[in-house]
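A.B. asks: Okay, so here is target03.cif, and as you'll see once you scroll down, it has mmCIF, C-alpha atoms and all ligand atoms.
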data_start
#
loop_
_atom_site.label_atom_id
_atom_site.label_comp_id
_atom_site.auth_asym_id
_atom_site.auth_seq_id
_atom_site.Cartn_x
_atom_site.Cartn_y
_atom_site.Cartn_z
CA MET A 988 207.44 81.78 17.22
CA SER A 989 205.12 83.62 14.89
CA ILE A 990 205.78 84.02 11.19
CA PRO A 991 205.76 87.40 9.45
CA ILE A 992 202.35 88.35 8.08
CA ARG A 993 200.97 90.81 5.59
CA ASN A 994 197.24 91.41 5.23
CA VAL A 995 196.28 93.03 1.96
CA ALA A 996 192.95 93.70 0.26
CA ILE A 997 192.59 93.52 -3.48
CA ILE A 998 190.32 96.07 -5.08
CA ALA A 999 189.27 96.57 -8.68
CA HIS A 1000 186.47 97.24 -11.10
CA VAL A 1001 184.86 94.03 -12.32
CA ASP A 1002 186.74 92.34 -15.19
CA HIS A 1003 189.96 94.26 -14.62
CA GLY A 1004 191.58 90.94 -13.81
CA LYS A 1005 191.49 90.38 -10.04
CA THR A 1006 190.81 86.65 -10.21
CA THR A 1007 193.42 85.98 -12.87
CA LEU A 1008 196.05 87.97 -11.02
CA VAL A 1009 195.42 86.24 -7.69
CA ASP A 1010 195.61 82.89 -9.49
CA ALA A 1011 198.99 83.91 -10.88
CA LEU A 1012 200.19 84.79 -7.37
CA LEU A 1013 198.90 81.46 -6.07
CA LYS A 1014 200.62 79.47 -8.77
CA GLN A 1015 203.93 81.13 -8.05
CA SER A 1016 203.74 81.09 -4.27
CA GLY A 1017 205.14 78.47 -1.95
CA VAL A 1018 201.69 77.43 -0.80
CA PHE A 1019 200.12 76.05 -3.90
CA ARG A 1020 201.85 73.33 -5.81
CA GLU A 1021 200.00 71.22 -8.26
CA GLY A 1022 199.72 67.58 -7.32
CA GLU A 1023 201.00 68.18 -3.82
CA ASP A 1024 199.10 66.67 -0.91
CA VAL A 1025 197.51 69.33 1.20
CA PRO A 1026 197.58 68.69 4.96
CA ILE A 1027 194.22 67.77 6.53
CA CYS A 1028 192.09 69.74 4.18
CA VAL A 1029 188.81 70.49 5.85
CA MET A 1030 187.28 72.54 3.15
CA ASP A 1031 187.84 73.19 -0.43
CA SER A 1032 185.68 76.07 -1.52
CA ASN A 1033 184.87 74.45 -4.86
CA ASP A 1034 184.36 70.81 -3.94
CA ILE A 1035 182.61 71.30 -0.66
CA GLU A 1036 180.52 74.12 -2.02
CA ARG A 1037 179.31 71.82 -4.76
CA GLU A 1038 178.88 68.85 -2.51
CA ARG A 1039 177.12 70.42 0.43
CA GLY A 1040 175.59 73.45 -1.17
CA ILE A 1041 177.21 75.90 1.23
CA THR A 1042 177.96 79.48 0.42
CA ILE A 1043 181.47 80.71 0.76
CA LEU A 1044 181.04 84.34 1.62
CA SER A 1045 184.58 85.46 2.03
CA LYS A 1046 187.23 85.12 -0.59
CA ASN A 1047 190.33 84.79 1.47
CA THR A 1048 193.46 83.52 -0.16
CA ALA A 1049 196.78 82.98 1.56
CA VAL A 1050 200.07 82.80 -0.27
CA LYS A 1051 203.53 82.34 1.08
CA TYR A 1052 206.45 84.31 -0.27
CA LYS A 1053 209.89 83.81 1.24
CA ASP A 1054 208.97 83.37 4.93
CA THR A 1055 205.95 85.62 4.93
CA LEU A 1056 202.32 84.62 4.97
CA ILE A 1057 200.35 86.99 2.78
CA ASN A 1058 196.59 87.01 3.34
CA ILE A 1059 194.87 88.42 0.28
CA ILE A 1060 191.28 89.41 0.84
CA ASP A 1061 188.97 89.95 -2.05
CA THR A 1062 186.76 93.00 -1.87
CA PRO A 1063 183.40 93.18 -3.56
CA GLY A 1064 183.43 96.10 -5.99
CA HIS A 1065 179.74 96.78 -5.92
CA ALA A 1066 178.25 99.62 -3.90
CA ASP A 1067 175.58 97.24 -2.54
CA PHE A 1068 178.29 95.63 -0.47
CA GLY A 1069 179.65 98.82 1.03
CA GLY A 1070 179.61 97.39 4.56
CA GLU A 1071 181.55 94.32 3.52
CA VAL A 1072 184.12 96.50 1.74
CA GLU A 1073 184.62 98.56 4.88
CA ARG A 1074 185.02 95.51 7.07
CA VAL A 1075 187.57 93.98 4.75
CA LEU A 1076 189.50 97.23 4.54
CA GLY A 1077 189.44 97.41 8.34
CA MET A 1078 191.30 94.08 8.56
CA VAL A 1079 194.18 94.98 6.30
CA ASP A 1080 197.21 97.25 6.38
CA GLY A 1081 197.44 97.80 2.65
CA CYS A 1082 195.61 97.26 -0.59
CA ILE A 1083 196.32 96.47 -4.20
CA LEU A 1084 194.34 98.50 -6.70
CA ILE A 1085 194.12 96.77 -10.06
CA VAL A 1086 193.38 98.91 -13.08
CA ASP A 1087 192.96 97.73 -16.66
CA ALA A 1088 195.65 99.31 -18.86
CA ASN A 1089 193.11 100.21 -21.54
CA GLU A 1090 190.08 101.17 -19.58
CA GLY A 1091 191.76 103.05 -16.76
CA PRO A 1092 189.77 103.68 -13.57
CA MET A 1093 186.05 102.85 -13.76
CA PRO A 1094 183.10 103.49 -11.40
CA GLN A 1095 183.87 100.58 -9.06
CA THR A 1096 187.53 101.58 -8.98
CA ARG A 1097 186.40 104.92 -7.70
CA PHE A 1098 184.01 103.47 -5.14
CA VAL A 1099 186.47 101.09 -3.50
CA LEU A 1100 189.43 103.44 -3.78
CA LYS A 1101 187.49 106.15 -1.96
CA LYS A 1102 186.86 103.76 0.93
CA ALA A 1103 190.49 102.62 1.00
CA LEU A 1104 191.77 106.20 1.08
CA GLU A 1105 189.33 107.07 3.85
CA LYS A 1106 190.77 104.20 5.90
CA GLY A 1107 194.18 105.78 5.47
CA LEU A 1108 195.54 102.94 3.34
CA ARG A 1109 198.24 103.64 0.78
CA PRO A 1110 197.37 101.50 -2.24
CA ILE A 1111 199.83 99.72 -4.49
CA VAL A 1112 198.58 100.37 -8.02
CA VAL A 1113 198.84 97.51 -10.50
CA VAL A 1114 198.18 98.43 -14.11
CA ASN A 1115 197.07 95.12 -15.56
CA LYS A 1116 196.61 93.47 -18.97
CA ILE A 1117 199.69 95.19 -20.39
CA ASP A 1118 200.04 92.30 -22.85
CA ARG A 1119 197.12 93.68 -24.85
CA GLU A 1120 197.88 95.42 -28.07
CA LEU A 1121 196.05 98.62 -27.29
CA ALA A 1122 197.34 98.87 -23.75
CA SER A 1123 198.27 102.39 -22.63
CA PRO A 1124 199.76 101.72 -19.20
CA HIS A 1125 201.25 105.16 -18.56
CA ALA A 1126 198.01 106.91 -19.41
CA ALA A 1127 196.29 104.57 -16.94
CA VAL A 1128 198.74 105.60 -14.18
CA ASP A 1129 198.05 109.28 -14.92
CA LYS A 1130 194.31 108.70 -14.72
CA VAL A 1131 194.72 106.88 -11.41
CA LEU A 1132 196.68 109.82 -10.03
CA ASP A 1133 193.93 112.21 -11.18
CA LEU A 1134 191.42 110.06 -9.35
CA PHE A 1135 193.53 110.01 -6.16
CA LEU A 1136 193.70 113.81 -6.26
CA GLU A 1137 190.00 114.13 -6.93
CA LEU A 1138 189.22 111.86 -3.98
CA GLY A 1139 191.35 113.98 -1.67
CA ALA A 1140 194.24 111.54 -1.17
CA ASP A 1141 197.09 112.87 0.95
CA ASP A 1142 200.63 113.37 -0.38
CA ASP A 1143 201.84 110.00 0.77
CA GLN A 1144 198.88 108.21 -0.82
CA CYS A 1145 199.38 110.13 -4.08
CA ASP A 1146 202.98 108.96 -4.15
CA PHE A 1147 201.70 105.41 -4.66
CA PRO A 1148 203.99 102.61 -5.72
CA HIS A 1149 202.93 101.26 -9.08
CA LEU A 1150 203.62 98.16 -11.12
CA PHE A 1151 202.67 96.87 -14.54
CA ALA A 1152 201.37 93.36 -14.95
CA SER A 1153 199.75 90.74 -17.04
CA GLY A 1154 197.87 88.39 -14.75
CA MET A 1155 197.18 86.23 -17.75
CA GLY A 1156 200.86 86.10 -18.69
CA GLY A 1157 201.82 85.52 -15.03
CA TYR A 1158 204.27 88.41 -14.80
CA ALA A 1159 204.68 91.82 -13.23
CA GLN A 1160 207.31 94.48 -13.82
CA ASN A 1161 208.42 97.75 -12.26
CA ASP A 1162 208.56 99.72 -15.51
CA MET A 1163 207.60 99.32 -19.15
CA GLU A 1164 211.18 99.04 -20.36
CA THR A 1165 212.02 95.58 -19.09
CA LYS A 1166 209.50 92.81 -19.66
CA GLY A 1167 208.68 90.85 -16.53
CA THR A 1168 209.10 87.11 -16.27
CA ASP A 1169 207.21 86.26 -13.08
CA MET A 1170 205.18 87.70 -10.21
CA VAL A 1171 208.20 88.40 -7.99
CA PRO A 1172 207.95 92.21 -8.35
CA MET A 1173 204.42 92.05 -6.98
CA PHE A 1174 205.38 89.86 -4.01
CA GLU A 1175 208.28 92.20 -3.29
CA ALA A 1176 206.02 95.26 -3.51
CA ILE A 1177 203.65 93.69 -0.96
CA LEU A 1178 206.48 92.94 1.48
CA ARG A 1179 207.93 96.38 1.04
CA HIS A 1180 204.87 98.62 0.97
CA VAL A 1181 202.29 96.84 3.12
CA PRO A 1182 203.16 97.31 6.79
CA PRO A 1183 203.01 94.23 9.02
CA PRO A 1184 199.86 94.05 11.17
CA VAL A 1185 199.99 95.70 14.56
CA GLY A 1186 198.91 93.68 17.58
CA ASP A 1187 200.46 91.97 20.54
CA SER A 1188 200.45 88.18 20.69
CA ASP A 1189 201.22 88.28 24.44
CA LYS A 1190 198.10 90.26 25.32
CA PRO A 1191 194.73 88.60 26.05
CA LEU A 1192 192.94 87.26 22.98
CA GLN A 1193 190.77 89.59 20.90
CA LEU A 1194 189.41 88.34 17.59
CA GLN A 1195 186.93 90.43 15.66
CA VAL A 1196 184.25 88.63 13.68
CA THR A 1197 184.26 90.04 10.15
CA THR A 1198 182.56 87.39 8.06
CA LEU A 1199 180.20 84.51 8.79
CA ASP A 1200 180.10 81.29 6.91
CA TYR A 1201 178.15 78.12 7.42
CA SER A 1202 178.45 74.48 6.60
CA ASP A 1203 176.15 71.58 7.44
CA TYR A 1204 179.22 69.80 8.64
CA LEU A 1205 180.79 72.45 10.85
CA GLY A 1206 177.85 74.74 11.61
CA ARG A 1207 178.54 78.43 11.93
CA ILE A 1208 182.03 79.43 10.93
CA VAL A 1209 183.39 82.73 12.11
CA ILE A 1210 186.09 84.45 10.11
CA GLY A 1211 188.04 87.30 11.58
CA LYS A 1212 191.31 88.88 12.46
CA ILE A 1213 193.19 88.27 15.68
CA HIS A 1214 193.85 91.82 16.86
CA ASN A 1215 195.68 90.74 20.00
CA GLY A 1216 196.72 87.54 21.69
CA THR A 1217 197.11 84.00 20.49
CA ILE A 1218 194.31 81.58 19.70
CA THR A 1219 194.73 77.86 20.26
CA MET A 1220 192.62 74.98 19.03
CA GLY A 1221 190.40 73.64 21.81
CA GLN A 1222 190.88 76.62 24.13
CA GLN A 1223 188.17 78.12 26.28
CA ALA A 1224 187.04 81.50 24.98
CA ALA A 1225 184.28 84.05 25.48
CA LEU A 1226 182.06 85.86 23.01
CA ILE A 1227 181.11 89.46 23.73
CA GLN A 1228 177.98 90.25 21.80
CA ARG A 1229 176.71 93.50 20.38
CA ASP A 1230 174.46 94.06 23.43
CA GLY A 1231 177.38 93.52 25.81
CA SER A 1232 176.36 90.03 26.95
CA ILE A 1233 179.14 87.52 27.40
CA SER A 1234 178.88 83.80 26.72
CA LYS A 1235 181.58 81.24 27.27
CA GLY A 1236 182.52 78.49 24.87
CA ARG A 1237 185.37 76.61 23.27
CA ILE A 1238 187.21 76.86 19.97
CA THR A 1239 186.15 73.55 18.42
CA LYS A 1240 187.95 74.09 15.11
CA LEU A 1241 190.69 76.50 14.19
CA LEU A 1242 191.37 76.96 10.51
CA GLY A 1243 194.00 78.93 8.69
CA PHE A 1244 194.06 79.83 5.01
CA ASP A 1245 196.38 78.02 2.66
CA GLY A 1246 196.02 78.96 -0.97
CA LEU A 1247 192.27 78.81 -1.55
CA LYS A 1248 191.80 76.14 1.08
CA ARG A 1249 191.25 76.17 4.80
CA ILE A 1250 193.38 73.89 6.88
CA GLU A 1251 193.33 72.94 10.54
CA ILE A 1252 196.05 74.68 12.50
CA PRO A 1253 197.04 74.27 16.17
CA SER A 1254 197.32 77.98 16.95
CA ALA A 1255 197.59 81.44 15.43
CA THR A 1256 199.03 84.72 16.67
CA ALA A 1257 198.03 88.40 16.54
CA GLY A 1258 197.70 89.81 13.04
CA ASN A 1259 196.54 86.60 11.42
CA ILE A 1260 193.14 85.98 9.85
CA VAL A 1261 191.50 82.71 10.82
CA ALA A 1262 188.22 80.81 10.72
CA VAL A 1263 186.88 79.28 13.94
CA THR A 1264 183.91 77.24 15.05
CA GLY A 1265 182.37 76.87 18.48
CA PHE A 1266 180.42 80.10 18.68
CA ALA A 1267 177.08 79.49 16.99
CA ASP A 1268 175.65 82.85 18.13
CA ALA A 1269 178.51 85.06 16.94
CA ASN A 1270 177.61 87.97 14.69
CA ILE A 1271 179.61 90.37 12.58
CA GLY A 1272 181.49 93.00 14.56
CA GLU A 1273 181.53 91.04 17.83
CA THR A 1274 184.63 89.94 19.73
CA ILE A 1275 185.88 86.50 20.68
CA THR A 1276 188.10 86.99 23.64
CA CYS A 1277 189.76 85.41 26.61
CA PRO A 1278 187.27 84.18 29.27
CA ASN A 1279 189.28 85.52 32.23
CA GLU A 1280 189.75 89.04 30.95
CA PRO A 1281 187.01 89.58 28.35
CA MET A 1282 187.61 92.81 26.44
CA ALA A 1283 185.56 93.88 23.44
CA LEU A 1284 187.06 95.54 20.38
CA PRO A 1285 185.21 98.62 19.12
CA LEU A 1286 182.13 97.43 17.25
CA ILE A 1287 182.11 97.73 13.49
CA ASP A 1288 179.07 98.94 11.64
CA VAL A 1289 176.93 96.53 9.74
CA ASP A 1290 174.99 98.42 7.12
CA GLU A 1291 173.43 95.45 5.43
CA PRO A 1292 171.26 92.70 6.87
CA THR A 1293 173.22 90.15 8.87
CA LEU A 1294 172.71 86.71 7.42
CA GLN A 1295 170.48 84.62 9.60
CA MET A 1296 171.76 81.11 9.56
CA THR A 1297 170.49 78.41 11.83
P1 LIG B 1301 187.85 90.02 -12.33
O1 LIG B 1301 186.40 90.22 -12.64
O2 LIG B 1301 188.50 91.29 -11.94
O3 LIG B 1301 188.12 88.91 -11.37
O4 LIG B 1301 188.55 89.64 -13.74
P2 LIG B 1301 189.03 88.24 -14.32
O5 LIG B 1301 190.32 87.82 -13.73
O6 LIG B 1301 187.90 87.28 -14.27
O7 LIG B 1301 189.33 88.67 -15.82
C1 LIG B 1301 188.35 89.29 -16.65
C2 LIG B 1301 188.65 89.03 -18.11
O8 LIG B 1301 189.89 89.62 -18.46
C3 LIG B 1301 188.79 87.55 -18.45
O9 LIG B 1301 188.23 87.34 -19.73
C4 LIG B 1301 190.28 87.32 -18.45
O10 LIG B 1301 190.64 86.26 -19.31
C5 LIG B 1301 190.81 88.65 -18.96
N1 LIG B 1301 192.15 88.94 -18.41
C6 LIG B 1301 192.51 88.89 -17.10
N2 LIG B 1301 193.81 89.23 -16.96
C7 LIG B 1301 194.28 89.50 -18.20
C8 LIG B 1301 195.56 89.90 -18.71
O11 LIG B 1301 196.54 90.07 -17.99
N3 LIG B 1301 195.64 90.10 -20.06
C9 LIG B 1301 194.58 89.94 -20.89
N4 LIG B 1301 194.77 90.15 -22.19
N5 LIG B 1301 193.37 89.55 -20.46
C10 LIG B 1301 193.20 89.32 -19.12
#
What is this file in structure tokens?
C.D. replies:
Amino acid sequence: MSIPIRNVAIIAHVDHGKTTLVDALLKQSGVFREGEDVPICVMDSNDIERERGITILSKNTAVKYKDTLINIIDTPGHADFGGEVERVLGMVDGCILIVDANEGPMPQTRFVLKKALEKGLRPIVVVNKIDRELASPHAAVDKVLDLFLELGADDDQCDFPHLFASGMGGYAQNDMETKGTDMVPMFEAILRHVPPPVGDSDKPLQLQVTTLDYSDYLGRIVIGKIHNGTITMGQQAALIQRDGSISKGRITKLLGFDGLKRIEIPSATAGNIVAVTGFADANIGETITCPNEPMALPLIDVDEPTLQMT
């Protein structure tokens, strides 16, 4: 049986508090408990990065709230990473727009919001840092609405759910009248306003490669979303490349996200985001599929150089 999933991107101007807010969600989720043993941890982005000098390209975080697995995908705010932003936004069904209560929307807010609106996403707006003395949270909401209108958002998008938060204080609240005590309002907003991923776990496997990573230990690591089907550790699979060629192989490692870590999992169903090894030639946009009925997903554009890693 598959567990409920939500895939959500987090978008913000630099310094508006993305990292702090995600940390607060992690601390209060069922996944991350200090001092708890983590099952077969293959990679810890900090330790392994330090130890082996690998680059962690994607910033995927998974938190569990009630019974739902929430994949939170960080989005680079900078225009130089436009392609990466689009790929991330293509994997999710909703996004959280964080705006500093004092500064209001800034250039990177505008850049990423424009892309999110173009993808048809309806953002949840989180006005952050409300603990600060000068904070003007309602003015920030008004400015966000102005920006939505200016960017041509539709009526539904303009009717965005909004919350107030202090990532640093570890709380979120639905209005400015009652002070929040924890991050529950934000978890609830995600469950309520981010639709579950579409996809059929009973169909043949289709996983789209969205990010590449590499480690000396595991070789090329492919990160992507399972659009259809179920993927199982050790299974035979096929890679359909950009030029249409098909190569067969095997899933030699299957990793799911757990907090900031990646853990080995036996299988994963449609809608989930996973990391796999076994396809050293895979590139961004390509499809890992079932060897008997190989079917490619529509290619996604790559507008920046693909990393060459051997
Ligand atoms: P990011 O660049 O969006 O990931 O932002 P960070 O989470 O790194 O935060 C940027 C700065 O804002 C840091 O100095 C944080 O300590 C501070 N900060 C983040 N969240 C809050 C908050 O809720 N309240 C206040 N007062 N400061 C915050």
A.B. asks: Return the single residue from A:Arg1074, A:Lys1101, A:His1003, A:His1214 that is closest to Val1113 of chain A, with distances computed using all atoms listed in the file.
C.D. replies: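 Ranked by minimum distance to Val1113 of chain A, first place goes to A:His1003.
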A.B. asks: Would you be able to write out as a PyMOL selection string which residues have an atom within 12 Å of (189.7, 115.1, -4.9) in the file's coordinates, counting all atoms listed in the file?
C.D. replies: chain A and resi 1097+1100-1101+1104-1105+1131-1142+1145
A.B. asks: What's the separation between atom C8 of ligand LIG 1301 (chain B) and atom CA of Gly1077 of chain A, in Å to one decimal place?
C.D. replies: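 Going from atom C8 of ligand LIG 1301 (chain B) over to atom CA of Gly1077 of chain A covers 28.7 Å.
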A.B. asks: Quick one: of A:Arg1207, A:Arg1179, A:Gly1186, A:Glu1273, who's nearest to Ala1225 of chain A, counting all atoms listed in the file?
C.D. replies: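 With all atoms listed in the file as the atom set, the closest residue is A:Glu1273.
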A.B. asks: Which one is closest to ligand LIG 1301 (chain B): A:Ser1153, A:Asn1279, A:Asn1089, A:Gln1095? Count all atoms listed in the file.
C.D. replies: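 Nearest to ligand LIG 1301 (chain B): A:Ser1153.
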A.B. asks: For ligand LIG 1301 (chain B), collect every residue having any atom at a distance of at most 9 Å from a ligand atom (counting all atoms listed in the file); output as an MDAnalysis selection string.
C.D. replies: chainID A and resid 998:1010 1085 1087 1115:1120 1152:1158
A.B. asks: Identify the residues around (199.9, 101.1, -20.3) within a radius of 9 Å, measuring from all atoms listed in the file in the coordinates stated by the file, and give them as number ranges by chain.
C.D. replies: A: 1087-1089, 1114-1117, 1121-1128, 1151, 1163
A.B. asks: Work out how far apart atom CA of Val1171 of chain A and atom CA of Ser1016 of chain A are and give it in Å to one decimal.
C.D. replies: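 Going from atom CA of Val1171 of chain A over to atom CA of Ser1016 of chain A covers 9.3 Å.
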